[in-house]
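Okay, entry25.tsv is below, TSV, N, CA and C atoms:
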chain	number	residue	atom	x	y	z
R	603	MET	N	0.85	-1.18	0.00
R	603	MET	CA	0.00	0.00	0.00
R	603	MET	C	0.89	1.23	0.00
R	604	ASN	N	0.42	2.23	-0.72
R	604	ASN	CA	1.13	3.49	-0.80
R	604	ASN	C	0.27	4.59	-0.18
R	605	PHE	N	0.89	5.44	0.64
R	605	PHE	CA	0.23	6.59	1.25
R	605	PHE	C	0.78	7.84	0.60
R	606	GLU	N	-0.09	8.72	0.10
R	606	GLU	CA	0.36	9.98	-0.48
R	606	GLU	C	-0.50	11.12	0.05
R	607	GLU	N	0.16	12.09	0.70
R	607	GLU	CA	-0.55	13.28	1.16
R	607	GLU	C	-0.54	14.28	0.02
R	608	LYS	N	-1.74	14.67	-0.43
R	608	LYS	CA	-1.85	15.54	-1.58
R	608	LYS	C	-3.04	16.47	-1.41
R	609	SER	N	-2.82	17.76	-1.55
R	609	SER	CA	-3.87	18.78	-1.45
R	609	SER	C	-4.65	18.65	-0.13
R	610	GLY	N	-3.95	18.33	0.95
R	610	GLY	CA	-4.58	18.23	2.25
R	610	GLY	C	-5.30	16.92	2.51
R	611	ASN	N	-5.28	16.01	1.56
R	611	ASN	CA	-5.95	14.71	1.71
R	611	ASN	C	-4.91	13.60	1.73
R	612	LEU	N	-5.35	12.41	2.07
R	612	LEU	CA	-4.50	11.23	2.06
R	612	LEU	C	-5.06	10.27	1.02
R	613	ILE	N	-4.21	9.92	0.06
R	613	ILE	CA	-4.62	8.99	-0.99
R	613	ILE	C	-3.93	7.66	-0.74
R	614	LEU	N	-4.74	6.63	-0.56
R	614	LEU	CA	-4.23	5.27	-0.37
R	614	LEU	C	-4.35	4.54	-1.70
R	615	THR	N	-3.28	3.91	-2.13
R	615	THR	CA	-3.33	3.09	-3.34
R	615	THR	C	-2.77	1.71	-3.04
R	616	ILE	N	-3.36	0.73	-3.69
R	616	ILE	CA	-2.87	-0.64	-3.54
R	616	ILE	C	-2.57	-1.21	-4.92
R	617	ASP	N	-1.67	-2.19	-4.93
R	617	ASP	CA	-1.29	-2.81	-6.20
R	617	ASP	C	-2.21	-4.00	-6.50
R	618	ASP	N	-1.98	-4.62	-7.64
R	618	ASP	CA	-2.83	-5.74	-8.07
R	618	ASP	C	-2.76	-6.92	-7.11
R	619	ASP	N	-1.62	-7.14	-6.46
R	619	ASP	CA	-1.51	-8.23	-5.49
R	619	ASP	C	-2.43	-8.01	-4.30
R	620	ASP	N	-2.44	-6.77	-3.78
R	620	ASP	CA	-3.33	-6.46	-2.66
R	620	ASP	C	-4.80	-6.53	-3.08
R	621	ARG	N	-5.09	-6.11	-4.30
R	621	ARG	CA	-6.47	-6.21	-4.80
R	621	ARG	C	-6.89	-7.67	-4.90
R	622	ALA	N	-5.97	-8.54	-5.30
R	622	ALA	CA	-6.27	-9.97	-5.39
R	622	ALA	C	-6.54	-10.55	-4.00
R	623	ILE	N	-5.79	-10.09	-2.99
R	623	ILE	CA	-6.03	-10.53	-1.61
R	623	ILE	C	-7.41	-10.08	-1.16
R	624	LEU	N	-7.76	-8.83	-1.44
R	624	LEU	CA	-9.08	-8.34	-1.06
R	624	LEU	C	-10.19	-9.12	-1.75
R	625	GLN	N	-10.00	-9.45	-3.02
R	625	GLN	CA	-11.01	-10.21	-3.74
R	625	GLN	C	-11.17	-11.60	-3.13
R	626	LEU	N	-10.07	-12.22	-2.77
R	626	LEU	CA	-10.11	-13.53	-2.11
R	626	LEU	C	-10.86	-13.44	-0.78
R	627	TRP	N	-10.55	-12.43	0.01
R	627	TRP	CA	-11.25	-12.23	1.28
R	627	TRP	C	-12.74	-12.05	1.05
R	628	LYS	N	-13.10	-11.22	0.07
R	628	LYS	CA	-14.51	-10.97	-0.21
R	628	LYS	C	-15.22	-12.26	-0.61
R	629	ASP	N	-14.57	-13.05	-1.47
R	629	ASP	CA	-15.16	-14.31	-1.91
R	629	ASP	C	-15.35	-15.28	-0.75
R	630	GLU	N	-14.37	-15.32	0.17
R	630	GLU	CA	-14.43	-16.24	1.29
R	630	GLU	C	-15.38	-15.78	2.38
R	631	MET	N	-15.42	-14.49	2.66
R	631	MET	CA	-16.20	-13.96	3.78
R	631	MET	C	-17.65	-13.68	3.42
R	632	GLY	N	-17.86	-13.27	2.20
R	632	GLY	CA	-19.19	-12.82	1.83
R	632	GLY	C	-19.49	-11.49	2.49
R	633	ASN	N	-20.76	-11.15	2.51
R	633	ASN	CA	-21.13	-9.86	3.08
R	633	ASN	C	-22.47	-9.97	3.79
R	634	GLU	N	-22.61	-11.05	4.56
R	634	GLU	CA	-23.86	-11.30	5.27
R	634	GLU	C	-24.07	-10.23	6.34
R	635	ILE	N	-25.19	-9.54	6.26
R	635	ILE	CA	-25.51	-8.48	7.22
R	635	ILE	C	-25.54	-9.06	8.63
R	636	GLY	N	-24.90	-8.36	9.56
R	636	GLY	CA	-24.89	-8.80	10.95
R	636	GLY	C	-23.68	-9.64	11.32
R	637	SER	N	-22.96	-10.14	10.33
R	637	SER	CA	-21.77	-10.94	10.62
R	637	SER	C	-20.58	-10.01	10.88
R	638	PRO	N	-19.92	-10.15	12.02
R	638	PRO	CA	-18.78	-9.28	12.31
R	638	PRO	C	-17.58	-9.56	11.41
R	639	HIS	N	-17.60	-10.69	10.73
R	639	HIS	CA	-16.47	-11.06	9.89
R	639	HIS	C	-16.77	-10.91	8.40
R	640	ARG	N	-17.79	-10.13	8.09
R	640	ARG	CA	-18.11	-9.92	6.68
R	640	ARG	C	-17.06	-8.98	6.07
R	641	PHE	N	-16.95	-9.00	4.77
R	641	PHE	CA	-15.90	-8.26	4.07
R	641	PHE	C	-15.94	-6.77	4.37
R	642	GLU	N	-17.12	-6.18	4.43
R	642	GLU	CA	-17.21	-4.73	4.61
R	642	GLU	C	-17.19	-4.29	6.08
R	643	SER	N	-16.95	-5.19	7.00
R	643	SER	CA	-16.96	-4.82	8.42
R	643	SER	C	-15.68	-4.06	8.81
R	644	ASP	N	-15.80	-3.29	9.89
R	644	ASP	CA	-14.63	-2.58	10.41
R	644	ASP	C	-13.55	-3.56	10.85
R	645	ASP	N	-13.96	-4.70	11.43
R	645	ASP	CA	-12.98	-5.69	11.87
R	645	ASP	C	-12.10	-6.17	10.72
R	646	THR	N	-12.73	-6.40	9.57
R	646	THR	CA	-11.97	-6.85	8.40
R	646	THR	C	-11.04	-5.73	7.91
R	647	MET	N	-11.52	-4.49	7.92
R	647	MET	CA	-10.69	-3.36	7.51
R	647	MET	C	-9.47	-3.24	8.43
R	648	TYR	N	-9.69	-3.32	9.75
R	648	TYR	CA	-8.58	-3.22	10.69
R	648	TYR	C	-7.57	-4.35	10.48
R	649	GLU	N	-8.08	-5.55	10.20
R	649	GLU	CA	-7.18	-6.68	9.95
R	649	GLU	C	-6.32	-6.45	8.70
R	650	PHE	N	-6.94	-5.94	7.63
R	650	PHE	CA	-6.20	-5.68	6.40
R	650	PHE	C	-5.11	-4.64	6.63
R	651	PHE	N	-5.39	-3.62	7.41
R	651	PHE	CA	-4.44	-2.53	7.63
R	651	PHE	C	-3.43	-2.82	8.74
R	652	ASP	N	-3.61	-3.88	9.50
R	652	ASP	CA	-2.78	-4.14	10.67
R	652	ASP	C	-1.28	-4.12	10.38
R	653	ASP	N	-0.82	-4.94	9.47
R	653	ASP	CA	0.61	-4.99	9.15
R	653	ASP	C	1.08	-3.71	8.48
R	654	ILE	N	0.23	-3.12	7.66
R	654	ILE	CA	0.59	-1.91	6.93
R	654	ILE	C	0.83	-0.76	7.90
R	655	LEU	N	-0.08	-0.57	8.85
R	655	LEU	CA	0.06	0.54	9.79
R	655	LEU	C	1.17	0.31	10.79
R	656	GLY	N	1.49	-0.95	11.06
R	656	GLY	CA	2.58	-1.26	11.97
R	656	GLY	C	3.92	-0.77	11.46
R	657	ASN	N	4.02	-0.53	10.18
R	657	ASN	CA	5.28	-0.08	9.56
R	657	ASN	C	5.17	1.32	8.98
R	658	SER	N	4.27	2.14	9.54
R	658	SER	CA	4.11	3.50	9.03
R	658	SER	C	3.90	4.46	10.19
R	659	GLU	N	3.87	5.74	9.89
R	659	GLU	CA	3.62	6.75	10.92
R	659	GLU	C	2.13	6.92	11.20
R	660	PHE	N	1.26	6.28	10.43
R	660	PHE	CA	-0.18	6.42	10.58
R	660	PHE	C	-0.72	5.47	11.64
R	661	THR	N	-1.80	5.90	12.28
R	661	THR	CA	-2.49	5.08	13.27
R	661	THR	C	-3.98	5.38	13.18
R	662	TRP	N	-4.80	4.46	13.68
R	662	TRP	CA	-6.24	4.72	13.75
R	662	TRP	C	-6.50	5.73	14.85
R	663	ILE	N	-7.37	6.68	14.58
R	663	ILE	CA	-7.76	7.68	15.57
R	663	ILE	C	-9.27	7.60	15.73
R	664	GLY	N	-9.72	7.43	16.96
R	664	GLY	CA	-11.16	7.39	17.23
R	664	GLY	C	-11.75	8.79	17.12
R	665	PRO	N	-12.95	8.90	16.61
R	665	PRO	CA	-13.57	10.22	16.47
R	665	PRO	C	-13.72	10.94	17.80
R	666	GLU	N	-13.85	10.19	18.89
R	666	GLU	CA	-14.00	10.80	20.21
R	666	GLU	C	-12.74	11.53	20.66
R	667	GLU	N	-11.58	11.19	20.08
R	667	GLU	CA	-10.34	11.86	20.45
R	667	GLU	C	-10.32	13.32	20.03
R	668	ASN	N	-11.10	13.67	19.01
R	668	ASN	CA	-11.08	15.03	18.48
R	668	ASN	C	-12.46	15.69	18.47
R	669	GLY	N	-13.44	15.00	19.01
R	669	GLY	CA	-14.79	15.54	18.99
R	669	GLY	C	-15.45	15.46	17.64
R	670	ASP	N	-14.94	14.59	16.77
R	670	ASP	CA	-15.55	14.42	15.45
R	670	ASP	C	-16.91	13.74	15.60
R	671	LEU	N	-17.87	14.21	14.85
R	671	LEU	CA	-19.22	13.62	14.89
R	671	LEU	C	-19.40	12.74	13.66
R	672	THR	N	-18.66	11.63	13.62
R	672	THR	CA	-18.70	10.74	12.48
R	672	THR	C	-18.35	9.33	12.92
R	673	ASP	N	-18.75	8.36	12.12
R	673	ASP	CA	-18.31	6.98	12.31
R	673	ASP	C	-17.30	6.59	11.24
R	674	ALA	N	-16.82	7.58	10.50
R	674	ALA	CA	-15.86	7.31	9.42
R	674	ALA	C	-14.57	6.75	9.98
R	675	PRO	N	-13.93	5.83	9.26
R	675	PRO	CA	-12.59	5.39	9.65
R	675	PRO	C	-11.64	6.58	9.52
R	676	ILE	N	-10.83	6.82	10.55
R	676	ILE	CA	-9.92	7.96	10.56
R	676	ILE	C	-8.50	7.47	10.79
R	677	LEU	N	-7.61	7.80	9.88
R	677	LEU	CA	-6.18	7.56	10.05
R	677	LEU	C	-5.53	8.89	10.41
R	678	GLY	N	-4.52	8.83	11.25
R	678	GLY	CA	-3.88	10.08	11.65
R	678	GLY	C	-2.41	9.91	11.94
R	679	ILE	N	-1.77	11.06	12.12
R	679	ILE	CA	-0.36	11.13	12.49
R	679	ILE	C	-0.27	12.05	13.70
R	680	TYR	N	0.29	11.54	14.79
R	680	TYR	CA	0.53	12.37	15.96
R	680	TYR	C	1.88	13.05	15.79
R	681	GLY	N	1.96	14.29	16.17
R	681	GLY	CA	3.20	15.04	16.06
R	681	GLY	C	2.87	16.50	15.83
R	682	GLU	N	3.79	17.22	15.27
R	682	GLU	CA	3.59	18.64	14.99
R	682	GLU	C	3.65	18.89	13.50
R	683	PRO	N	2.60	19.29	12.85
R	683	PRO	CA	1.24	19.34	13.40
R	683	PRO	C	0.60	17.96	13.35
R	684	GLU	N	-0.32	17.71	14.26
R	684	GLU	CA	-1.07	16.47	14.22
R	684	GLU	C	-2.07	16.57	13.08
R	685	ARG	N	-2.24	15.45	12.37
R	685	ARG	CA	-3.16	15.46	11.23
R	685	ARG	C	-4.05	14.23	11.31
R	686	ARG	N	-5.23	14.35	10.69
R	686	ARG	CA	-6.13	13.21	10.60
R	686	ARG	C	-6.80	13.21	9.23
R	687	TYR	N	-7.17	12.01	8.79
R	687	TYR	CA	-7.78	11.82	7.48
R	687	TYR	C	-8.93	10.84	7.62
R	688	GLY	N	-10.11	11.25	7.22
R	688	GLY	CA	-11.29	10.40	7.35
R	688	GLY	C	-11.82	9.95	6.00
R	689	PHE	N	-12.22	8.70	5.94
R	689	PHE	CA	-12.84	8.16	4.73
R	689	PHE	C	-14.32	8.50	4.80
R	690	MET	N	-14.68	9.66	4.24
R	690	MET	CA	-16.01	10.22	4.42
R	690	MET	C	-17.08	9.56	3.54
R	691	ASP	N	-16.69	8.68	2.63
R	691	ASP	CA	-17.66	7.94	1.82
R	691	ASP	C	-18.13	6.68	2.55
R	692	TYR	N	-17.77	6.53	3.84
R	692	TYR	CA	-18.04	5.30	4.59
R	692	TYR	C	-19.52	4.90	4.62
R	693	ALA	N	-20.42	5.85	4.53
R	693	ALA	CA	-21.86	5.53	4.57
R	693	ALA	C	-22.36	4.97	3.25
R	694	ILE	N	-21.57	5.14	2.19
R	694	ILE	CA	-21.96	4.68	0.86
R	694	ILE	C	-21.27	3.38	0.49
R	695	VAL	N	-19.98	3.29	0.81
R	695	VAL	CA	-19.17	2.14	0.45
R	695	VAL	C	-18.07	1.97	1.50
R	696	SER	N	-17.68	0.74	1.78
R	696	SER	CA	-16.58	0.53	2.73
R	696	SER	C	-15.26	0.90	2.06
R	697	MET	N	-14.28	1.24	2.89
R	697	MET	CA	-12.97	1.58	2.35
R	697	MET	C	-12.37	0.37	1.61
R	698	LEU	N	-12.57	-0.84	2.13
R	698	LEU	CA	-12.04	-2.02	1.46
R	698	LEU	C	-12.69	-2.23	0.09
R	699	GLU	N	-14.00	-2.01	0.03
R	699	GLU	CA	-14.70	-2.16	-1.25
R	699	GLU	C	-14.17	-1.15	-2.26
R	700	ARG	N	-13.95	0.09	-1.82
R	700	ARG	CA	-13.41	1.12	-2.71
R	700	ARG	C	-12.00	0.74	-3.19
R	701	LEU	N	-11.16	0.25	-2.27
R	701	LEU	CA	-9.81	-0.17	-2.65
R	701	LEU	C	-9.85	-1.33	-3.63
R	702	LEU	N	-10.75	-2.28	-3.40
R	702	LEU	CA	-10.89	-3.42	-4.30
R	702	LEU	C	-11.35	-2.97	-5.68
R	703	ASP	N	-12.37	-2.10	-5.73
R	703	ASP	CA	-12.95	-1.68	-7.00
R	703	ASP	C	-12.03	-0.78	-7.82
R	704	THR	N	-11.36	0.16	-7.15
R	704	THR	CA	-10.61	1.19	-7.90
R	704	THR	C	-9.11	1.18	-7.66
R	705	GLY	N	-8.67	0.46	-6.62
R	705	GLY	CA	-7.25	0.46	-6.29
R	705	GLY	C	-6.81	1.66	-5.47
R	706	LYS	N	-7.77	2.56	-5.15
R	706	LYS	CA	-7.40	3.70	-4.30
R	706	LYS	C	-8.59	4.17	-3.48
R	707	ALA	N	-8.26	4.86	-2.40
R	707	ALA	CA	-9.27	5.49	-1.54
R	707	ALA	C	-8.73	6.84	-1.12
R	708	VAL	N	-9.58	7.85	-1.16
R	708	VAL	CA	-9.19	9.20	-0.77
R	708	VAL	C	-9.81	9.50	0.59
R	709	LEU	N	-8.96	9.87	1.54
R	709	LEU	CA	-9.40	10.24	2.87
R	709	LEU	C	-9.26	11.75	3.01
R	710	GLN	N	-10.33	12.39	3.43
R	710	GLN	CA	-10.36	13.85	3.59
R	710	GLN	C	-9.52	14.25	4.79
R	711	GLY	N	-8.69	15.27	4.63
R	711	GLY	CA	-7.76	15.65	5.68
R	711	GLY	C	-8.18	16.85	6.49
R	712	ALA	N	-7.64	16.91	7.72
R	712	ALA	CA	-7.83	18.05	8.62
R	712	ALA	C	-6.75	17.99	9.69
R	713	GLN	N	-6.34	19.15	10.20
R	713	GLN	CA	-5.42	19.18	11.32
R	713	GLN	C	-6.18	18.92	12.60
R	714	ILE	N	-5.55	18.26	13.55
R	714	ILE	CA	-6.14	18.01	14.85
R	714	ILE	C	-5.83	19.22	15.72
R	715	ARG	N	-6.86	19.93	16.14
R	715	ARG	CA	-6.66	21.11	16.98
R	715	ARG	C	-7.69	21.13	18.08
R	716	THR	N	-7.30	21.64	19.22
R	716	THR	CA	-8.23	21.79	20.32
R	716	THR	C	-9.14	22.99	20.09
R	717	SER	N	-8.57	24.08	19.58
R	717	SER	CA	-9.30	25.31	19.36
R	717	SER	C	-8.65	26.06	18.21
R	718	PRO	N	-9.42	26.69	17.34
R	718	PRO	CA	-8.79	27.42	16.25
R	718	PRO	C	-8.02	28.64	16.73
R	719	GLU	N	-8.39	29.21	17.89
R	719	GLU	CA	-7.72	30.40	18.38
R	719	GLU	C	-6.47	30.09	19.20
R	720	LYS	N	-6.57	29.09	20.09
R	720	LYS	CA	-5.44	28.77	20.97
R	720	LYS	C	-5.61	27.37	21.52
R	721	GLU	N	-4.55	26.82	22.01
R	721	GLU	CA	-4.59	25.53	22.67
R	721	GLU	C	-5.03	25.74	24.12
R	722	LEU	N	-5.88	24.89	24.64
R	722	LEU	CA	-6.28	24.97	26.03
R	722	LEU	C	-5.15	24.46	26.90
R	723	THR	N	-4.83	25.18	27.97
R	723	THR	CA	-3.75	24.76	28.83
R	723	THR	C	-4.23	24.25	30.17
R	724	SER	N	-5.49	24.55	30.54
R	724	SER	CA	-6.03	24.05	31.79
R	724	SER	C	-7.56	24.10	31.74
R	725	ASP	N	-8.20	23.53	32.76
R	725	ASP	CA	-9.65	23.56	32.84
R	725	ASP	C	-10.15	25.00	32.95
R	726	ALA	N	-9.34	25.90	33.49
R	726	ALA	CA	-9.75	27.31	33.63
R	726	ALA	C	-9.97	27.95	32.27
R	727	ASP	N	-9.28	27.46	31.23
R	727	ASP	CA	-9.46	28.02	29.89
R	727	ASP	C	-10.84	27.71	29.33
R	728	VAL	N	-11.49	26.67	29.84
R	728	VAL	CA	-12.79	26.26	29.35
R	728	VAL	C	-13.90	27.09	30.00
R	729	VAL	N	-13.72	27.50	31.24
R	729	VAL	CA	-14.72	28.25	31.99
R	729	VAL	C	-14.76	29.69	31.49
R	730	SER	N	-16.00	30.19	31.24
R	730	SER	CA	-16.08	31.58	30.80
R	730	SER	C	-16.51	32.49	31.92
For this file, produce the structure as structure tokens.
Amino acid sequence: MNFEEKSGNLILTIDDDDRAILQLWKDEMGNEIGSPHRFESDDTMYEFFDDILGNSEFTWIGPEENGDLTDAPILGIYGEPERRYGFMDYAIVSMLERLLDTGKAVLQGAQIRTSPEKELTSDADVVS
């Protein structure tokens, strides 16, 4: 898998070998609604990305970490500046399905910030 940050977004691309693996998984797992091991499930997505993310600067970020109001899968980088990228088409198609069909997935980017004006330094900053 290749990660490319472009125009504020993260573009994931996979080669034909990875697409063949995804097709095999889809054929074996099916897509039975309610099954946690179906091809389009989050569990399957996390399994596919496990080895890939272990060797990169990216990690899964829960929406609750940033106050995001979404169930989209979010990949991020902690550091300066912290960044996050969400697969915002998640309600239409799974990220694995998109990677299988097209060989790429575009994740919308944003910086992780506590406040656009300033960083909060204590609970007193929250009280008005």
Where in chain R does DSSP assign strand (DSSP E), given as a PyMOL selection string? chain R and resi 604-608+611-615+661-662+676-679+685-688+706-713
Based on the selection just made, write N, CA and C atoms of those residues as a compact mmCIF listing (two decimals), in the coordinates of the input.
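This went into out15.txt:
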# COMPACT_ATOMS: atom_id res chain seq x y z
N ASN R 604 0.42 2.23 -0.72
CA ASN R 604 1.13 3.49 -0.80
C ASN R 604 0.27 4.59 -0.18
N PHE R 605 0.89 5.44 0.64
CA PHE R 605 0.23 6.59 1.25
C PHE R 605 0.78 7.84 0.60
N GLU R 606 -0.09 8.72 0.10
CA GLU R 606 0.36 9.98 -0.48
C GLU R 606 -0.50 11.12 0.05
N GLU R 607 0.16 12.09 0.70
CA GLU R 607 -0.55 13.28 1.16
C GLU R 607 -0.54 14.28 0.02
N LYS R 608 -1.74 14.67 -0.43
CA LYS R 608 -1.85 15.54 -1.58
C LYS R 608 -3.04 16.47 -1.41
N ASN R 611 -5.28 16.01 1.56
CA ASN R 611 -5.95 14.71 1.71
C ASN R 611 -4.91 13.60 1.73
N LEU R 612 -5.35 12.41 2.07
CA LEU R 612 -4.50 11.23 2.06
C LEU R 612 -5.06 10.27 1.02
N ILE R 613 -4.21 9.92 0.06
CA ILE R 613 -4.62 8.99 -0.99
C ILE R 613 -3.93 7.66 -0.74
N LEU R 614 -4.74 6.63 -0.56
CA LEU R 614 -4.23 5.27 -0.37
C LEU R 614 -4.35 4.54 -1.70
N THR R 615 -3.28 3.91 -2.13
CA THR R 615 -3.33 3.09 -3.34
C THR R 615 -2.77 1.71 -3.04
N THR R 661 -1.80 5.90 12.28
CA THR R 661 -2.49 5.08 13.27
C THR R 661 -3.98 5.38 13.18
N TRP R 662 -4.80 4.46 13.68
CA TRP R 662 -6.24 4.72 13.75
C TRP R 662 -6.50 5.73 14.85
N ILE R 676 -10.83 6.82 10.55
CA ILE R 676 -9.92 7.96 10.56
C ILE R 676 -8.50 7.47 10.79
N LEU R 677 -7.61 7.80 9.88
CA LEU R 677 -6.18 7.56 10.05
C LEU R 677 -5.53 8.89 10.41
N GLY R 678 -4.52 8.83 11.25
CA GLY R 678 -3.88 10.08 11.65
C GLY R 678 -2.41 9.91 11.94
N ILE R 679 -1.77 11.06 12.12
CA ILE R 679 -0.36 11.13 12.49
C ILE R 679 -0.27 12.05 13.70
N ARG R 685 -2.24 15.45 12.37
CA ARG R 685 -3.16 15.46 11.23
C ARG R 685 -4.05 14.23 11.31
N ARG R 686 -5.23 14.35 10.69
CA ARG R 686 -6.13 13.21 10.60
C ARG R 686 -6.80 13.21 9.23
N TYR R 687 -7.17 12.01 8.79
CA TYR R 687 -7.78 11.82 7.48
C TYR R 687 -8.93 10.84 7.62
N GLY R 688 -10.11 11.25 7.22
CA GLY R 688 -11.29 10.40 7.35
C GLY R 688 -11.82 9.95 6.00
N LYS R 706 -7.77 2.56 -5.15
CA LYS R 706 -7.40 3.70 -4.30
C LYS R 706 -8.59 4.17 -3.48
N ALA R 707 -8.26 4.86 -2.40
CA ALA R 707 -9.27 5.49 -1.54
C ALA R 707 -8.73 6.84 -1.12
N VAL R 708 -9.58 7.85 -1.16
CA VAL R 708 -9.19 9.20 -0.77
C VAL R 708 -9.81 9.50 0.59
N LEU R 709 -8.96 9.87 1.54
CA LEU R 709 -9.40 10.24 2.87
C LEU R 709 -9.26 11.75 3.01
N GLN R 710 -10.33 12.39 3.43
CA GLN R 710 -10.36 13.85 3.59
C GLN R 710 -9.52 14.25 4.79
N GLY R 711 -8.69 15.27 4.63
CA GLY R 711 -7.76 15.65 5.68
C GLY R 711 -8.18 16.85 6.49
N ALA R 712 -7.64 16.91 7.72
CA ALA R 712 -7.83 18.05 8.62
C ALA R 712 -6.75 17.99 9.69
N GLN R 713 -6.34 19.15 10.20
CA GLN R 713 -5.42 19.18 11.32
C GLN R 713 -6.18 18.92 12.60
Neighbours of range 641-653 of chain R within 5 Å (all atoms listed in the file; same-chain residues fewer than 5 positions away dropped), as a VMD selection string? chain R and resid 631 to 633
Print the selection's residues with N, CA and C atoms to a file, as a PDB file, in the coordinates of the input.
ATOM      1  N   MET R 631     -15.420 -14.490   2.660  1.00  0.00           N
ATOM      2  CA  MET R 631     -16.200 -13.960   3.780  1.00  0.00           C
ATOM      3  C   MET R 631     -17.650 -13.680   3.420  1.00  0.00           C
ATOM      4  N   GLY R 632     -17.860 -13.270   2.200  1.00  0.00           N
ATOM      5  CA  GLY R 632     -19.190 -12.820   1.830  1.00  0.00           C
ATOM      6  C   GLY R 632     -19.490 -11.490   2.490  1.00  0.00           C
ATOM      7  N   ASN R 633     -20.760 -11.150   2.510  1.00  0.00           N
ATOM      8  CA  ASN R 633     -21.130  -9.860   3.080  1.00  0.00           C
ATOM      9  C   ASN R 633     -22.470  -9.970   3.790  1.00  0.00           C
TER      10      ASN R 633
END
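Around range 606-614 of chain R, within 6 Å and counting only N, CA and C atoms, the residues found are R:Asn604, R:Ile616, R:Tyr687, R:Gly705, R:Lys706, R:Ala707, R:Val708, R:Leu709, R:Gln710, R:Gly711, R:Ala712, once anything fewer than 2 positions away on its own chain is removed.
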Applying 7 Å and only N, CA and C atoms, which residues near range 656-664 of chain R remain after dropping the ones on its own chain fewer than 2 positions away? List them as JSON, numbers by chain. {"R": [651, 652, 653, 654, 666, 667, 668, 669, 670, 675, 676, 677, 678, 679, 680]}
So which one's closest to Leu655 in chain R, R:Arg621, R:Met603, R:Phe689, R:Ser696? Using only C-alpha atoms, please.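 Using only C-alpha atoms, the shortest distance to Leu655 in chain R belongs to R:Met603.
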Between CA of Leu701 in chain R and CA of Thr615 in chain R, what is the distance in Å, rounded to a tenth?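 Atom-to-atom, CA of Leu701 in chain R to CA of Thr615 in chain R, that is 7.3 Å.
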Write down as a VMD selection string the residues belonging to range 603-722 of chain R that are assigned helix (DSSP H, G or I) by DSSP computed on the backbone. chain R and resid 618 to 631 644 to 656 665 to 667 697 to 704
